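A.B. asks: I have a structure I would like to understand better, so I am pasting it below and will then ask my questions one at a time.
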Protein chains: 2
Amino acid sequence: MDDRPAERNGCPDCPIEGRVRLSPENHRFGLDRFKTGEIDLGAGAGIVLEGAREPNLFALARGVAFRHKSLADGRRQILGYAFPGDFLGLRGALLGEMQHSIDAMSAVRLCVFDRAGLLRMFATDPGAAYAVVRRAAKDESILDENLLSIGRRTALESAAYLLALLHQRARPAGLAPEGRFAFPLTQQHVADTLGLSIVHINRTLKRLAELELIAWLDRGCVIRDEAGLLDLAGWTGLGEAFHQVG
Amino acid sequence: MDDRPAERNGCPDCPIEGRVRLSPENHRFGLDRFKTGEIDLGAGAGIVLEGAREPNLFALARGVAFRHKSLADGRRQILGYAFPGDFLGLRGALLGEMQHSIDAMSAVRLCVFDRAGLLRMFATDPGAAYAVVRRAAKDESILDENLLSIGRRTALESAAYLLALLHQRARPAGLAPEGRFAFPLTQQHVADTLGLSIVHINRTLKRLAELELIAWLDRGCVIRDEAGLLDLAGWTGLGEAFHQVG
DNA sequence: CGACGTGTTGAGTGTGATCAACATCTGTGG
DNA sequence: CCACAGATGTTGATCACACTCAACACGTCG
């Protein structure tokens, strides 16, 4: 397994390739062998719209995005967050239609793979396909914990869980220097993730700050005591395995 | 594509094969080529325990099961339900450890595939692997709607959503003759799925019954007006594509 | 028979929602 | 430079949806 990045088509230091181990051949040519394009978007931009026929699979190369869906009267639920190296819209590529929207939270760079490319990957590089599915399984394992949080944790426990989770995901990506989130997370985001009102979230975050577990700055959060948050939430964290390649 | 079931190793009328299109060769030999065993369990039996190292992938051949996880003090959250043809523990097989428990709700029959078999399937039958992943993606797409329900719908809307969902999943499997669920769903199940107390669920179900949308019998539910439930929940249902093969 | 699981109902409580007002800060246009 | 709108955050007052505690009815099963 030689590693001469100079020989690759492009995408040096790709965060996706850093998390998906490819076959030797694809490692040489890069995951971009299956890539059909690249997109840069500003903060707040919509990436995918609920209900759209979206045959593309995206990989988040830079920035933070979030998936969400809404009821007819506007009540919104945030389903999850994506960090560099995550895939977006795998389900859409597999099933043809997106059942949720995706928005860019910060400025983002997306790599685009079309549906045909995904099929080709399954046929020609089973190892890469397996790795992509494994990666997707990791991302989706968080959904279960979110469900537990919204359903059974109190507002305080739930907020503690979410902020600890975001910290654990942001830190390895370099997006939480000194505990400070490097992306504009608003209290509205937190409220829509936990299924609570923004007023109640404001008071809950204040309590977390009084407990010296976090601090809330303008459009951002500082994690002061992750262990304390985990303890309060009754959660063990993502675990070592989550961040390992493959 | 000949279909001579007599030539197959076993598993006639397998509900999994009915939903996953295999390559001609595997179609002939059956999905059981990758199968390592078969398990029959009674109602209420535990299938997988949270935290267990479970390298097996299961396919539910008969019956109904549910996934759940709990907080330290016993608060329980049901994450989802599995019907015949669904895969269970795909994430566990991919990642090595189960982060949730699975219990049999009725008597069930499980087909067992080990981790190695899954790997072999990726390598030797990309089409089957793609189909399995597609099938899993469909099952998991329900998680998003559950999250929206628990987070943003009122108790009445949420209960209407859940009962409509279960009906839409049970009916094609023949588990809802005349709208009557053929598996023992208790009000405790409903409460733990929606993150509500059992007392409140009891009153909510009573309201749904007064609206003539459902009726509640002993350990079971009768759907009287699915369209009314969907309308109340503000949900369009699973859609045709969900039940299609492939 | 008693124990247990399930379903039902009443009464009192509380977490979290709603309504409302205001403080900042940003960007925009006059 | 100011006026203004919009997004975000903050706080108080009131309300209600859902929780807790409690008791009881009914069935099954040992």
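Lettering and numbering for the structure tokens are positional, with chains as A, B, ... in the shown order, residues counted from 1 in each chain, and ligands counted from 1 in the shown order.
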Please report as a CSV table (one decimal) with C-alpha atoms (C1' of nucleotides), in the first residue's frame which residues of chain D come no farther than 12 Å from chain B, using only C-alpha atoms (C1' of nucleotides).
C.D. replies:
```
chain,number,residue,atom,x,y,z
D,17,DC,C1',-50.6,19.2,28.3
D,18,DA,C1',-48.8,15.5,30.2
D,19,DC,C1',-46.8,13.3,34.6
D,20,DT,C1',-47.2,11.2,39.1
D,21,DC,C1',-49.6,9.0,42.6
D,26,DC,C1',-60.5,-7.7,34.9
D,27,DG,C1',-58.1,-11.5,32.9
```
A.B. asks: Give me, as a PDB file with N, CA and C atoms (P, O5', C5', C4', C3', O3' and C1' of nucleotides), in the first residue's frame, the residues of chain C touching chain A, with the criterion being at most 12 Å (counting only C-alpha atoms (C1' of nucleotides)).
C.D. replies:
```
ATOM      1  P    DT C  15     -40.860  20.294  37.612  1.00  0.00           P
ATOM      2  O5'  DT C  15     -40.364  19.860  36.157  1.00  0.00           O
ATOM      3  C5'  DT C  15     -40.791  18.620  35.604  1.00  0.00           C
ATOM      4  C4'  DT C  15     -41.279  18.816  34.182  1.00  0.00           C
ATOM      5  C3'  DT C  15     -40.343  19.617  33.294  1.00  0.00           C
ATOM      6  O3'  DT C  15     -40.232  18.932  32.067  1.00  0.00           O
ATOM      7  C1'  DT C  15     -42.511  20.579  33.256  1.00  0.00           C
ATOM      8  P    DG C  16     -39.065  19.333  31.044  1.00  0.00           P
ATOM      9  O5'  DG C  16     -39.861  20.251  30.011  1.00  0.00           O
ATOM     10  C5'  DG C  16     -40.987  19.701  29.339  1.00  0.00           C
ATOM     11  C4'  DG C  16     -41.846  20.808  28.783  1.00  0.00           C
ATOM     12  C3'  DG C  16     -41.129  21.850  27.907  1.00  0.00           C
ATOM     13  O3'  DG C  16     -41.854  21.975  26.698  1.00  0.00           O
ATOM     14  C1'  DG C  16     -42.512  22.902  29.456  1.00  0.00           C
ATOM     15  P    DA C  17     -41.542  22.979  25.515  1.00  0.00           P
ATOM     16  O5'  DA C  17     -42.953  23.695  25.325  1.00  0.00           O
ATOM     17  C5'  DA C  17     -44.113  22.895  25.176  1.00  0.00           C
ATOM     18  C4'  DA C  17     -45.329  23.776  24.985  1.00  0.00           C
ATOM     19  C3'  DA C  17     -45.131  24.878  23.943  1.00  0.00           C
ATOM     20  O3'  DA C  17     -46.288  24.985  23.119  1.00  0.00           O
ATOM     21  C1'  DA C  17     -45.600  25.835  26.076  1.00  0.00           C
ATOM     22  P    DT C  18     -46.266  26.043  21.926  1.00  0.00           P
ATOM     23  O5'  DT C  18     -46.960  27.338  22.556  1.00  0.00           O
ATOM     24  C5'  DT C  18     -48.210  27.214  23.232  1.00  0.00           C
ATOM     25  C4'  DT C  18     -48.617  28.565  23.784  1.00  0.00           C
ATOM     26  C3'  DT C  18     -48.425  29.734  22.813  1.00  0.00           C
ATOM     27  O3'  DT C  18     -49.653  30.448  22.723  1.00  0.00           O
ATOM     28  C1'  DT C  18     -47.459  30.232  24.917  1.00  0.00           C
ATOM     29  P    DC C  19     -49.843  31.575  21.589  1.00  0.00           P
ATOM     30  O5'  DC C  19     -49.603  32.925  22.407  1.00  0.00           O
ATOM     31  C5'  DC C  19     -50.350  33.148  23.600  1.00  0.00           C
ATOM     32  C4'  DC C  19     -49.849  34.391  24.304  1.00  0.00           C
ATOM     33  C3'  DC C  19     -49.489  35.565  23.380  1.00  0.00           C
ATOM     34  O3'  DC C  19     -50.132  36.735  23.853  1.00  0.00           O
ATOM     35  C1'  DC C  19     -47.738  35.138  24.898  1.00  0.00           C
ATOM     36  P    DT C  24     -28.654  46.264  26.249  1.00  0.00           P
ATOM     37  O5'  DT C  24     -27.773  45.812  25.023  1.00  0.00           O
ATOM     38  C5'  DT C  24     -28.405  45.414  23.825  1.00  0.00           C
ATOM     39  C4'  DT C  24     -27.683  44.228  23.216  1.00  0.00           C
ATOM     40  C3'  DT C  24     -26.661  44.658  22.165  1.00  0.00           C
ATOM     41  O3'  DT C  24     -25.464  43.897  22.307  1.00  0.00           O
ATOM     42  C1'  DT C  24     -28.414  43.348  21.184  1.00  0.00           C
ATOM     43  P    DC C  25     -24.122  44.510  21.665  1.00  0.00           P
ATOM     44  O5'  DC C  25     -24.212  43.959  20.161  1.00  0.00           O
ATOM     45  C5'  DC C  25     -24.295  42.551  19.944  1.00  0.00           C
ATOM     46  C4'  DC C  25     -24.719  42.292  18.516  1.00  0.00           C
ATOM     47  C3'  DC C  25     -23.955  43.124  17.472  1.00  0.00           C
ATOM     48  O3'  DC C  25     -23.218  42.242  16.643  1.00  0.00           O
ATOM     49  C1'  DC C  25     -26.292  43.066  17.022  1.00  0.00           C
TER      50       DC C  25
END
```
A.B. asks: Provide as a PyMOL selection string the residues of chain A at most 6 Å from chain B, counting only C-alpha atoms.
C.D. replies: chain A and resi 77+91+94+122-123+126+134+137+148+151-152+195
A.B. asks: Can you work out the spacing between atom C1' of C:DG30 and atom C1' of D:DA5 in Å, to one decimal?
C.D. replies: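 Rounded to one decimal, the two atoms are 13.6 Å apart.
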A.B. asks: Which polymer residues have any atom within 12 Å of an atom of C:DT9, counting only C-alpha atoms (C1' of nucleotides), with same-chain residues fewer than 2 positions away left out, as a count of residues only?
C.D. replies: 11
A.B. asks: Where does DSSP see helix (DSSP H, G or I) in stretch 1-151 of chain A, if you list the residues as an NGL selection string?
C.D. replies: :A and (5-7 or 24-29 or 31-33 or 90-95 or 115-124 or 126-151)
A.B. asks: Those same residues, written as a PDB file, in the first residue's frame with C-alpha atoms?
C.D. replies:
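Writing the result to out.pdb gives the following:
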```pdb
ATOM      1  CA  PRO A   5      -0.839  11.461  -2.813  1.00  0.00           C
ATOM      2  CA  ALA A   6       0.811  13.257  -5.719  1.00  0.00           C
ATOM      3  CA  GLU A   7      -0.404  10.527  -8.060  1.00  0.00           C
ATOM      4  CA  PRO A  24      -5.404  -0.488  -3.253  1.00  0.00           C
ATOM      5  CA  GLU A  25      -6.466   0.494  -6.757  1.00  0.00           C
ATOM      6  CA  ASN A  26      -9.051   2.988  -5.584  1.00  0.00           C
ATOM      7  CA  HIS A  27      -6.738   4.208  -2.911  1.00  0.00           C
ATOM      8  CA  ARG A  28      -4.290   5.126  -5.664  1.00  0.00           C
ATOM      9  CA  PHE A  29      -6.853   6.840  -7.872  1.00  0.00           C
ATOM     10  CA  LEU A  31     -12.545   7.988  -4.184  1.00  0.00           C
ATOM     11  CA  ASP A  32     -12.996  10.719  -6.761  1.00  0.00           C
ATOM     12  CA  ARG A  33     -12.976   7.999  -9.375  1.00  0.00           C
ATOM     13  CA  LEU A  90     -27.330   7.872   0.868  1.00  0.00           C
ATOM     14  CA  ARG A  91     -30.924   6.955   1.475  1.00  0.00           C
ATOM     15  CA  GLY A  92     -32.063   9.295  -1.283  1.00  0.00           C
ATOM     16  CA  ALA A  93     -29.590   7.764  -3.718  1.00  0.00           C
ATOM     17  CA  LEU A  94     -30.793   4.295  -2.788  1.00  0.00           C
ATOM     18  CA  LEU A  95     -34.518   4.990  -2.733  1.00  0.00           C
ATOM     19  CA  ARG A 115     -26.619   7.030  -8.269  1.00  0.00           C
ATOM     20  CA  ALA A 116     -24.898   5.220 -11.134  1.00  0.00           C
ATOM     21  CA  GLY A 117     -21.531   5.764  -9.495  1.00  0.00           C
ATOM     22  CA  LEU A 118     -22.795   4.186  -6.307  1.00  0.00           C
ATOM     23  CA  LEU A 119     -24.031   1.150  -8.229  1.00  0.00           C
ATOM     24  CA  ARG A 120     -20.673   0.942 -10.005  1.00  0.00           C
ATOM     25  CA  MET A 121     -18.890   1.046  -6.684  1.00  0.00           C
ATOM     26  CA  PHE A 122     -20.902  -1.900  -5.395  1.00  0.00           C
ATOM     27  CA  ALA A 123     -20.055  -3.867  -8.550  1.00  0.00           C
ATOM     28  CA  THR A 124     -16.373  -3.025  -8.897  1.00  0.00           C
ATOM     29  CA  PRO A 126     -17.055  -4.427  -2.770  1.00  0.00           C
ATOM     30  CA  GLY A 127     -14.589  -3.341  -0.113  1.00  0.00           C
ATOM     31  CA  ALA A 128     -15.339   0.328  -0.698  1.00  0.00           C
ATOM     32  CA  ALA A 129     -19.073  -0.354  -0.804  1.00  0.00           C
ATOM     33  CA  TYR A 130     -18.832  -2.231   2.472  1.00  0.00           C
ATOM     34  CA  ALA A 131     -16.890   0.643   3.987  1.00  0.00           C
ATOM     35  CA  VAL A 132     -19.396   3.232   2.800  1.00  0.00           C
ATOM     36  CA  VAL A 133     -22.243   1.224   4.301  1.00  0.00           C
ATOM     37  CA  ARG A 134     -20.294   0.804   7.539  1.00  0.00           C
ATOM     38  CA  ARG A 135     -19.680   4.519   7.672  1.00  0.00           C
ATOM     39  CA  ALA A 136     -23.373   5.217   7.062  1.00  0.00           C
ATOM     40  CA  ALA A 137     -24.305   2.719   9.788  1.00  0.00           C
ATOM     41  CA  LYS A 138     -22.136   4.614  12.263  1.00  0.00           C
ATOM     42  CA  ASP A 139     -23.764   7.916  11.416  1.00  0.00           C
ATOM     43  CA  GLU A 140     -27.213   6.432  11.724  1.00  0.00           C
ATOM     44  CA  SER A 141     -26.513   4.733  15.040  1.00  0.00           C
ATOM     45  CA  ILE A 142     -26.762   8.211  16.531  1.00  0.00           C
ATOM     46  CA  LEU A 143     -30.422   8.379  15.517  1.00  0.00           C
ATOM     47  CA  ASP A 144     -31.338   5.803  18.130  1.00  0.00           C
ATOM     48  CA  GLU A 145     -29.710   7.780  20.900  1.00  0.00           C
ATOM     49  CA  ASN A 146     -31.470  10.935  19.676  1.00  0.00           C
ATOM     50  CA  LEU A 147     -34.781   9.115  19.862  1.00  0.00           C
ATOM     51  CA  LEU A 148     -34.061   7.998  23.417  1.00  0.00           C
ATOM     52  CA  SER A 149     -33.116  11.533  24.307  1.00  0.00           C
ATOM     53  CA  ILE A 150     -36.197  13.213  22.899  1.00  0.00           C
ATOM     54  CA  GLY A 151     -38.516  10.536  24.185  1.00  0.00           C
TER      55      GLY A 151
END
```
A.B. asks: Would you mind reading off the distance between atom CA of B:Gly44 and atom CA of B:Phe66, one decimal, in Å?
C.D. replies: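 One can read the atom CA of B:Gly44 to atom CA of B:Phe66 distance as 10.0 Å.
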A.B. asks: Mind listing the strand (DSSP E) residues of stretch 111-195 of chain B, per DSSP on the backbone, as number ranges by chain?
C.D. replies: B: 111-114
A.B. asks: How would the residues just chosen look if you wrote them out with all heavy atoms as a PDB file, in the first residue's frame?
C.D. replies:
```
ATOM      1  N   CYS B 111     -33.942 -15.974  10.642  1.00  0.00           N
ATOM      2  CA  CYS B 111     -32.855 -16.564   9.887  1.00  0.00           C
ATOM      3  C   CYS B 111     -31.577 -15.856  10.303  1.00  0.00           C
ATOM      4  O   CYS B 111     -31.547 -14.632  10.425  1.00  0.00           O
ATOM      5  CB  CYS B 111     -33.070 -16.385   8.391  1.00  0.00           C
ATOM      6  SG  CYS B 111     -34.553 -17.220   7.801  1.00  0.00           S
ATOM      7  N   VAL B 112     -30.523 -16.611  10.499  1.00  0.00           N
ATOM      8  CA  VAL B 112     -29.279 -16.067  11.010  1.00  0.00           C
ATOM      9  C   VAL B 112     -28.218 -16.042   9.910  1.00  0.00           C
ATOM     10  O   VAL B 112     -28.006 -17.046   9.220  1.00  0.00           O
ATOM     11  CB  VAL B 112     -28.748 -16.902  12.195  1.00  0.00           C
ATOM     12  CG1 VAL B 112     -27.540 -16.233  12.815  1.00  0.00           C
ATOM     13  CG2 VAL B 112     -29.840 -17.125  13.226  1.00  0.00           C
ATOM     14  N   PHE B 113     -27.576 -14.906   9.734  1.00  0.00           N
ATOM     15  CA  PHE B 113     -26.428 -14.788   8.836  1.00  0.00           C
ATOM     16  C   PHE B 113     -25.278 -14.258   9.662  1.00  0.00           C
ATOM     17  O   PHE B 113     -25.443 -13.305  10.408  1.00  0.00           O
ATOM     18  CB  PHE B 113     -26.725 -13.803   7.703  1.00  0.00           C
ATOM     19  CG  PHE B 113     -27.996 -14.098   6.969  1.00  0.00           C
ATOM     20  CD1 PHE B 113     -29.203 -13.622   7.437  1.00  0.00           C
ATOM     21  CD2 PHE B 113     -27.985 -14.843   5.806  1.00  0.00           C
ATOM     22  CE1 PHE B 113     -30.393 -13.892   6.769  1.00  0.00           C
ATOM     23  CE2 PHE B 113     -29.162 -15.115   5.123  1.00  0.00           C
ATOM     24  CZ  PHE B 113     -30.374 -14.646   5.610  1.00  0.00           C
ATOM     25  N   ASP B 114     -24.119 -14.858   9.565  1.00  0.00           N
ATOM     26  CA  ASP B 114     -23.022 -14.322  10.366  1.00  0.00           C
ATOM     27  C   ASP B 114     -22.301 -13.216   9.599  1.00  0.00           C
ATOM     28  O   ASP B 114     -22.502 -12.993   8.416  1.00  0.00           O
ATOM     29  CB  ASP B 114     -22.063 -15.422  10.833  1.00  0.00           C
ATOM     30  CG  ASP B 114     -21.331 -16.061   9.671  1.00  0.00           C
ATOM     31  OD1 ASP B 114     -21.449 -15.556   8.552  1.00  0.00           O
ATOM     32  OD2 ASP B 114     -20.664 -17.080   9.897  1.00  0.00           O
TER      33      ASP B 114
END
```
